[in-house]
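Dropping final.csv in here (CSV, N, CA and C atoms):
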chain,number,residue,atom,x,y,z
A,1,MET,N,-13.1,7.2,-17.3
A,1,MET,CA,-13.0,6.4,-16.1
A,1,MET,C,-13.2,4.9,-16.5
A,2,SER,N,-12.3,4.1,-16.0
A,2,SER,CA,-12.3,2.7,-16.3
A,2,SER,C,-13.3,2.0,-15.4
A,3,THR,N,-14.0,1.0,-15.9
A,3,THR,CA,-14.9,0.2,-15.1
A,3,THR,C,-14.3,-1.0,-14.5
A,4,THR,N,-13.3,-1.5,-15.1
A,4,THR,CA,-12.6,-2.7,-14.6
A,4,THR,C,-11.4,-2.3,-13.7
A,5,ARG,N,-11.4,-2.8,-12.5
A,5,ARG,CA,-10.3,-2.5,-11.6
A,5,ARG,C,-9.4,-3.7,-11.4
A,6,GLN,N,-8.1,-3.4,-11.7
A,6,GLN,CA,-7.1,-4.4,-11.5
A,6,GLN,C,-6.1,-3.8,-10.5
A,7,VAL,N,-5.9,-4.4,-9.4
A,7,VAL,CA,-5.0,-3.9,-8.3
A,7,VAL,C,-4.0,-5.0,-8.1
A,8,HIS,N,-2.8,-4.7,-8.4
A,8,HIS,CA,-1.7,-5.6,-8.2
A,8,HIS,C,-0.7,-5.1,-7.1
A,9,VAL,N,0.1,-5.9,-6.6
A,9,VAL,CA,1.1,-5.5,-5.6
A,9,VAL,C,2.5,-6.0,-6.0
A,10,ARG,N,3.4,-5.1,-5.7
A,10,ARG,CA,4.8,-5.4,-6.0
A,10,ARG,C,5.7,-4.7,-5.0
A,11,SER,N,6.8,-5.2,-4.7
A,11,SER,CA,7.8,-4.5,-3.9
A,11,SER,C,8.4,-3.4,-4.8
A,12,VAL,N,8.6,-2.3,-4.1
A,12,VAL,CA,9.2,-1.1,-4.9
A,12,VAL,C,10.6,-1.5,-5.4
A,13,ARG,N,11.2,-2.5,-4.8
A,13,ARG,CA,12.5,-3.0,-5.2
A,13,ARG,C,12.5,-3.9,-6.5
A,14,ASP,N,11.3,-4.4,-6.8
A,14,ASP,CA,11.1,-5.2,-8.0
A,14,ASP,C,11.3,-4.3,-9.3
A,15,GLU,N,11.8,-5.0,-10.3
A,15,GLU,CA,11.9,-4.2,-11.6
A,15,GLU,C,10.5,-3.9,-12.1
A,16,PRO,N,10.2,-2.7,-12.6
A,16,PRO,CA,8.9,-2.3,-13.1
A,16,PRO,C,8.6,-3.3,-14.3
A,17,ALA,N,7.3,-3.6,-14.4
A,17,ALA,CA,6.8,-4.4,-15.5
A,17,ALA,C,5.9,-3.6,-16.4
A,18,LYS,N,5.9,-4.0,-17.7
A,18,LYS,CA,5.1,-3.3,-18.6
A,18,LYS,C,3.6,-3.2,-18.2
A,19,GLY,N,3.1,-4.3,-17.6
A,19,GLY,CA,1.7,-4.3,-17.3
A,19,GLY,C,1.3,-3.7,-15.9
A,20,ASP,N,2.3,-3.0,-15.3
A,20,ASP,CA,2.0,-2.5,-14.0
A,20,ASP,C,0.9,-1.4,-14.0
A,21,GLY,N,0.8,-0.7,-15.0
A,21,GLY,CA,-0.2,0.4,-15.0
A,21,GLY,C,0.3,1.6,-14.2
A,22,HIS,N,-0.5,2.2,-13.5
A,22,HIS,CA,-0.2,3.3,-12.6
A,22,HIS,C,0.4,2.8,-11.3
A,23,ARG,N,1.7,3.2,-11.1
A,23,ARG,CA,2.4,2.6,-9.9
A,23,ARG,C,2.3,3.6,-8.7
A,24,VAL,N,1.8,3.1,-7.6
A,24,VAL,CA,1.5,4.0,-6.5
A,24,VAL,C,2.2,3.4,-5.2
A,25,LEU,N,3.1,4.2,-4.7
A,25,LEU,CA,3.8,3.8,-3.4
A,25,LEU,C,2.8,4.1,-2.3
A,26,VAL,N,2.6,3.2,-1.4
A,26,VAL,CA,1.6,3.4,-0.3
A,26,VAL,C,2.3,3.2,1.1
A,27,ASP,N,3.5,3.5,1.2
A,27,ASP,CA,4.2,3.5,2.4
A,27,ASP,C,4.3,4.9,3.0
A,28,ARG,N,4.2,5.1,4.3
A,28,ARG,CA,4.3,6.4,4.9
A,28,ARG,C,5.7,6.9,4.8
A,29,LEU,N,6.7,6.0,4.9
A,29,LEU,CA,8.1,6.4,4.8
A,29,LEU,C,8.7,5.9,3.5
A,30,TRP,N,9.6,6.7,2.9
A,30,TRP,CA,10.2,6.2,1.7
A,30,TRP,C,11.1,5.0,2.1
A,31,PRO,N,11.0,3.9,1.3
A,31,PRO,CA,11.8,2.7,1.6
A,31,PRO,C,13.3,3.0,1.6
A,32,ARG,N,13.9,2.4,2.6
A,32,ARG,CA,15.4,2.5,2.7
A,32,ARG,C,16.1,1.9,1.6
A,33,GLY,N,17.1,2.5,1.1
A,33,GLY,CA,18.0,2.0,0.1
A,33,GLY,C,17.4,2.1,-1.3
A,34,VAL,N,16.3,2.7,-1.5
A,34,VAL,CA,15.7,2.9,-2.8
A,34,VAL,C,15.8,4.3,-3.3
A,35,ARG,N,16.5,4.5,-4.4
A,35,ARG,CA,16.6,5.9,-4.9
A,35,ARG,C,15.3,6.3,-5.6
A,36,LYS,N,14.8,7.5,-5.4
A,36,LYS,CA,13.6,8.0,-6.0
A,36,LYS,C,13.6,7.9,-7.5
A,37,GLN,N,14.7,8.2,-8.1
A,37,GLN,CA,14.8,8.2,-9.6
A,37,GLN,C,14.8,6.8,-10.1
A,38,ASP,N,15.1,5.7,-9.3
A,38,ASP,CA,15.1,4.4,-9.8
A,38,ASP,C,13.7,3.6,-9.5
A,39,ALA,N,12.9,4.2,-8.7
A,39,ALA,CA,11.7,3.5,-8.2
A,39,ALA,C,10.5,3.4,-9.2
A,40,ALA,N,10.5,4.3,-10.2
A,40,ALA,CA,9.4,4.3,-11.2
A,40,ALA,C,8.1,4.4,-10.6
A,41,VAL,N,8.0,5.3,-9.6
A,41,VAL,CA,6.7,5.6,-8.9
A,41,VAL,C,6.0,6.7,-9.6
A,42,ASP,N,4.7,6.4,-10.0
A,42,ASP,CA,3.9,7.5,-10.6
A,42,ASP,C,3.3,8.4,-9.5
A,43,GLU,N,3.1,7.9,-8.4
A,43,GLU,CA,2.4,8.6,-7.3
A,43,GLU,C,2.8,8.0,-6.0
A,44,TRP,N,3.0,8.9,-5.0
A,44,TRP,CA,3.3,8.5,-3.6
A,44,TRP,C,2.2,9.0,-2.7
A,45,VAL,N,1.3,8.0,-2.2
A,45,VAL,CA,0.2,8.4,-1.4
A,45,VAL,C,0.6,8.0,0.1
A,46,LYS,N,1.5,8.7,0.7
A,46,LYS,CA,2.1,8.3,1.9
A,46,LYS,C,1.1,8.3,3.1
A,47,GLU,N,0.1,9.2,3.1
A,47,GLU,CA,-0.8,9.3,4.2
A,47,GLU,C,-1.7,8.0,4.3
A,48,VAL,N,-1.8,7.2,3.2
A,48,VAL,CA,-2.6,6.0,3.3
A,48,VAL,C,-1.9,4.9,4.0
A,49,GLY,N,-0.6,5.0,4.3
A,49,GLY,CA,0.1,4.0,5.0
A,49,GLY,C,-0.4,4.0,6.5
A,50,PRO,N,-0.1,2.9,7.2
A,50,PRO,CA,-0.5,2.9,8.6
A,50,PRO,C,0.1,3.9,9.4
A,51,SER,N,-0.5,4.4,10.5
A,51,SER,CA,0.0,5.4,11.4
A,51,SER,C,1.3,4.8,12.0
A,52,THR,N,2.2,5.8,12.5
A,52,THR,CA,3.4,5.4,13.1
A,52,THR,C,3.1,4.5,14.3
A,53,GLU,N,2.1,4.8,15.1
A,53,GLU,CA,1.7,4.0,16.2
A,53,GLU,C,1.4,2.5,15.8
A,54,LEU,N,0.6,2.4,14.8
A,54,LEU,CA,0.1,1.1,14.4
A,54,LEU,C,1.3,0.3,13.8
A,55,ARG,N,2.1,1.0,13.0
A,55,ARG,CA,3.3,0.4,12.3
A,55,ARG,C,4.2,-0.1,13.4
A,56,THR,N,4.5,0.7,14.4
A,56,THR,CA,5.4,0.3,15.5
A,56,THR,C,4.8,-0.9,16.3
A,57,TRP,N,3.5,-0.8,16.6
A,57,TRP,CA,2.9,-2.0,17.3
A,57,TRP,C,3.0,-3.3,16.6
A,58,PHE,N,2.7,-3.2,15.3
A,58,PHE,CA,2.8,-4.4,14.4
A,58,PHE,C,4.2,-5.0,14.3
A,59,GLY,N,5.1,-4.1,14.0
A,59,GLY,CA,6.5,-4.6,13.9
A,59,GLY,C,6.8,-5.7,12.9
A,60,HIS,N,5.9,-5.8,11.9
A,60,HIS,CA,6.0,-6.9,10.9
A,60,HIS,C,6.0,-8.3,11.5
A,61,ASP,N,5.3,-8.4,12.6
A,61,ASP,CA,5.1,-9.7,13.3
A,61,ASP,C,3.9,-10.5,12.6
A,62,PRO,N,4.2,-11.5,11.9
A,62,PRO,CA,3.1,-12.2,11.2
A,62,PRO,C,2.0,-12.7,12.2
A,63,GLU,N,2.3,-13.0,13.4
A,63,GLU,CA,1.3,-13.4,14.4
A,63,GLU,C,0.3,-12.2,14.7
A,64,ARG,N,0.7,-11.0,14.5
A,64,ARG,CA,-0.1,-9.8,14.8
A,64,ARG,C,-0.8,-9.3,13.5
A,65,PHE,N,-0.7,-10.0,12.4
A,65,PHE,CA,-1.2,-9.5,11.1
A,65,PHE,C,-2.7,-9.3,11.1
A,66,GLU,N,-3.4,-10.3,11.6
A,66,GLU,CA,-4.9,-10.2,11.6
A,66,GLU,C,-5.4,-9.0,12.3
A,67,GLU,N,-4.8,-8.8,13.5
A,67,GLU,CA,-5.2,-7.6,14.3
A,67,GLU,C,-4.7,-6.3,13.7
A,68,PHE,N,-3.5,-6.4,13.1
A,68,PHE,CA,-3.0,-5.2,12.4
A,68,PHE,C,-4.0,-4.8,11.2
A,69,ALA,N,-4.4,-5.8,10.5
A,69,ALA,CA,-5.4,-5.6,9.3
A,69,ALA,C,-6.7,-5.0,9.8
A,70,ARG,N,-7.2,-5.5,10.9
A,70,ARG,CA,-8.4,-4.9,11.5
A,70,ARG,C,-8.2,-3.5,11.9
A,71,ARG,N,-7.2,-3.2,12.7
A,71,ARG,CA,-6.9,-1.8,13.1
A,71,ARG,C,-6.6,-0.9,12.0
A,72,TYR,N,-5.9,-1.4,11.0
A,72,TYR,CA,-5.6,-0.6,9.8
A,72,TYR,C,-6.8,-0.2,9.0
A,73,GLU,N,-7.7,-1.1,8.9
A,73,GLU,CA,-9.0,-0.9,8.2
A,73,GLU,C,-9.7,0.2,8.9
A,74,GLN,N,-9.7,0.2,10.2
A,74,GLN,CA,-10.4,1.2,11.0
A,74,GLN,C,-9.7,2.6,10.8
A,75,GLU,N,-8.4,2.6,10.7
A,75,GLU,CA,-7.7,3.9,10.5
A,75,GLU,C,-8.1,4.5,9.1
A,76,LEU,N,-8.4,3.6,8.1
A,76,LEU,CA,-8.7,4.1,6.8
A,76,LEU,C,-10.1,4.7,6.6
A,77,GLU,N,-11.0,4.3,7.6
A,77,GLU,CA,-12.4,4.7,7.4
A,77,GLU,C,-12.6,6.1,7.1
A,78,ASP,N,-11.9,7.0,7.9
A,78,ASP,CA,-12.2,8.5,7.7
A,78,ASP,C,-11.0,9.2,7.0
A,79,SER,N,-10.2,8.4,6.3
A,79,SER,CA,-9.0,9.0,5.7
A,79,SER,C,-9.2,9.6,4.3
A,80,ASP,N,-8.8,10.8,4.2
A,80,ASP,CA,-8.8,11.5,2.9
A,80,ASP,C,-7.9,10.7,1.9
A,81,ALA,N,-6.7,10.2,2.4
A,81,ALA,CA,-5.8,9.5,1.5
A,81,ALA,C,-6.4,8.2,1.0
A,82,TRP,N,-7.2,7.5,1.8
A,82,TRP,CA,-7.9,6.3,1.4
A,82,TRP,C,-8.9,6.7,0.3
A,83,GLN,N,-9.6,7.7,0.5
A,83,GLN,CA,-10.5,8.2,-0.5
A,83,GLN,C,-9.8,8.5,-1.8
A,84,HIS,N,-8.7,9.2,-1.7
A,84,HIS,CA,-7.9,9.5,-2.9
A,84,HIS,C,-7.4,8.2,-3.6
A,85,LEU,N,-6.9,7.2,-2.8
A,85,LEU,CA,-6.4,6.0,-3.4
A,85,LEU,C,-7.6,5.3,-4.2
A,86,GLN,N,-8.8,5.3,-3.6
A,86,GLN,CA,-9.9,4.7,-4.3
A,86,GLN,C,-10.2,5.4,-5.6
A,87,GLU,N,-10.0,6.7,-5.6
A,87,GLU,CA,-10.3,7.5,-6.9
A,87,GLU,C,-9.2,7.2,-7.9
A,88,VAL,N,-7.9,7.0,-7.4
A,88,VAL,CA,-6.8,6.7,-8.4
A,88,VAL,C,-7.1,5.3,-9.0
A,89,VAL,N,-7.5,4.4,-8.3
A,89,VAL,CA,-7.9,3.1,-8.8
A,89,VAL,C,-9.0,3.2,-9.8
A,90,ALA,N,-10.0,3.9,-9.5
A,90,ALA,CA,-11.2,4.1,-10.4
A,90,ALA,C,-10.8,4.8,-11.7
A,91,ASP,N,-9.9,5.8,-11.6
A,91,ASP,CA,-9.5,6.6,-12.7
A,91,ASP,C,-8.5,5.8,-13.6
A,92,HIS,N,-7.7,4.9,-13.1
A,92,HIS,CA,-6.6,4.3,-13.9
A,92,HIS,C,-7.0,2.8,-14.2
A,93,GLY,N,-7.9,2.2,-13.5
A,93,GLY,CA,-8.2,0.8,-13.9
A,93,GLY,C,-7.2,-0.2,-13.5
A,94,ARG,N,-6.0,0.0,-14.0
A,94,ARG,CA,-4.9,-1.0,-13.6
A,94,ARG,C,-3.9,-0.2,-12.8
A,95,VAL,N,-3.7,-0.6,-11.5
A,95,VAL,CA,-2.9,0.0,-10.6
A,95,VAL,C,-2.0,-1.0,-9.9
A,96,THR,N,-0.7,-0.7,-9.7
A,96,THR,CA,0.1,-1.5,-8.9
A,96,THR,C,0.5,-0.8,-7.7
A,97,LEU,N,0.2,-1.3,-6.5
A,97,LEU,CA,0.5,-0.8,-5.2
A,97,LEU,C,1.9,-1.2,-4.9
A,98,LEU,N,2.8,-0.3,-4.5
A,98,LEU,CA,4.2,-0.6,-4.2
A,98,LEU,C,4.4,-0.5,-2.7
A,99,PHE,N,5.2,-1.4,-2.2
A,99,PHE,CA,5.5,-1.4,-0.8
A,99,PHE,C,7.0,-1.6,-0.6
A,100,GLY,N,7.5,-1.2,0.6
A,100,GLY,CA,9.0,-1.4,0.9
A,100,GLY,C,9.3,-2.5,1.8
A,101,ALA,N,8.3,-3.1,2.5
A,101,ALA,CA,8.6,-4.2,3.5
A,101,ALA,C,9.2,-5.4,2.8
A,102,SER,N,10.0,-6.1,3.6
A,102,SER,CA,10.6,-7.3,3.0
A,102,SER,C,9.6,-8.5,3.1
A,103,ASP,N,8.6,-8.5,4.0
A,103,ASP,CA,7.6,-9.5,4.0
A,103,ASP,C,6.5,-9.2,3.1
A,104,ARG,N,6.4,-10.0,2.0
A,104,ARG,CA,5.4,-9.8,1.0
A,104,ARG,C,4.0,-10.2,1.3
A,105,GLU,N,3.8,-10.9,2.4
A,105,GLU,CA,2.5,-11.5,2.7
A,105,GLU,C,1.8,-10.8,3.9
A,106,HIS,N,2.6,-10.1,4.7
A,106,HIS,CA,2.1,-9.4,5.9
A,106,HIS,C,2.5,-8.0,6.0
A,107,ASN,N,1.8,-7.2,5.2
A,107,ASN,CA,2.0,-5.7,5.1
A,107,ASN,C,0.7,-5.0,4.7
A,108,GLN,N,0.7,-3.7,4.8
A,108,GLN,CA,-0.5,-2.9,4.5
A,108,GLN,C,-1.0,-3.1,3.1
A,109,VAL,N,-0.1,-3.4,2.1
A,109,VAL,CA,-0.5,-3.5,0.7
A,109,VAL,C,-1.5,-4.7,0.6
A,110,VAL,N,-1.3,-5.8,1.3
A,110,VAL,CA,-2.2,-6.9,1.3
A,110,VAL,C,-3.6,-6.5,1.7
A,111,VAL,N,-3.7,-5.7,2.7
A,111,VAL,CA,-4.9,-5.2,3.2
A,111,VAL,C,-5.6,-4.2,2.2
A,112,LEU,N,-4.8,-3.3,1.7
A,112,LEU,CA,-5.3,-2.4,0.7
A,112,LEU,C,-5.8,-3.1,-0.6
A,113,GLN,N,-5.1,-4.0,-1.0
A,113,GLN,CA,-5.5,-4.8,-2.2
A,113,GLN,C,-6.9,-5.5,-2.0
A,114,ALA,N,-7.0,-6.1,-0.8
A,114,ALA,CA,-8.2,-6.8,-0.5
A,114,ALA,C,-9.4,-5.8,-0.4
A,115,LEU,N,-9.2,-4.7,0.2
A,115,LEU,CA,-10.3,-3.7,0.3
A,115,LEU,C,-10.7,-3.1,-1.1
A,116,LEU,N,-9.7,-2.9,-1.9
A,116,LEU,CA,-9.9,-2.2,-3.2
A,116,LEU,C,-10.5,-3.2,-4.2
A,117,THR,N,-10.4,-4.5,-4.0
A,117,THR,CA,-11.0,-5.5,-5.0
A,117,THR,C,-12.2,-6.2,-4.5
A,118,ARG,N,-12.7,-5.8,-3.3
A,118,ARG,CA,-14.0,-6.4,-2.8
A,118,ARG,C,-15.1,-6.3,-3.8
Target encoding structure tokens, full file:
Amino acid sequence: MSTTRQVHVRSVRDEPAKGDGHRVLVDRLWPRGVRKQDAAVDEWVKEVGPSTELRTWFGHDPERFEEFARRYEQELEDSDAWQHLQEVVADHGRVTLLFGASDREHNQVVVLQALLTR
């Protein structure tokens, strides 16, 4: 088990990089227009993504991001998938969280990275 945790974020549409480490898709839905064989995903932890209700409410509106982050963190509190993701990071040390949203600053991966690197 690694003691140093490095959690990076990238769009699933970005070319994989040598330093990505273990690549984990953290979207509940598979990203549109991305072929599974091209995504270079080591693991898909879809249940760690925000609920359909929260995702729909948020609608990728940057003005709702702070409230989205607060609600999303609450959803994660009792989540087995969140526990699993923490274990993946602990086991691999260097992990890249992959997301499908076009907005790189206002999505669940930003929240996950902050929580995992506190």
* Asked: Pick the closest to Glu15 (chain A) from A:Asp38, A:Asp78, A:Asp27, A:Asp91: which is it, counting only C-alpha atoms?
  ->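 Closest residue, counting only C-alpha atoms: A:Asp38.
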* **For Leu25 (chain A), the nearest of the candidates A:Val89, A:Val48, A:Leu76, A:Trp82, counting only N, CA and C atoms** => A:Val48
* **Distance in Å - CA of Phe58 (chain A) versus CA of Pro31 (chain A)** =>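 Going from CA of Phe58 (chain A) over to CA of Pro31 (chain A) covers 17.2 Å.
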* To do: Could you check how far atom C of Val88 (chain A) sits from atom C of Val7 (chain A), in Å to one decimal?
  =>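 That distance, rounded to one decimal, is 10.8 Å.
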* Separation of atom C of Arg64 (chain A) from atom C of Lys46 (chain A) in Å ->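 Between these atoms lies a distance of 20.5 Å.
Proximity ranking of A:Arg104, A:Arg118, A:His84, A:Arg32 relative to Arg10 (chain A) places A:Arg104 first, based on only N, CA and C atoms.
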* Give the alpha helix (DSSP H) residues of chain A, as assigned by DSSP on the backbone, as a ChimeraX atom specification. => /A:52-58,65-76,80-92,108-116
* May I ask which of the residues A:Val34, A:Leu97, A:Val24, A:Leu54 is the closest one to Phe68 (chain A), counting only N, CA and C atoms? => A:Leu54
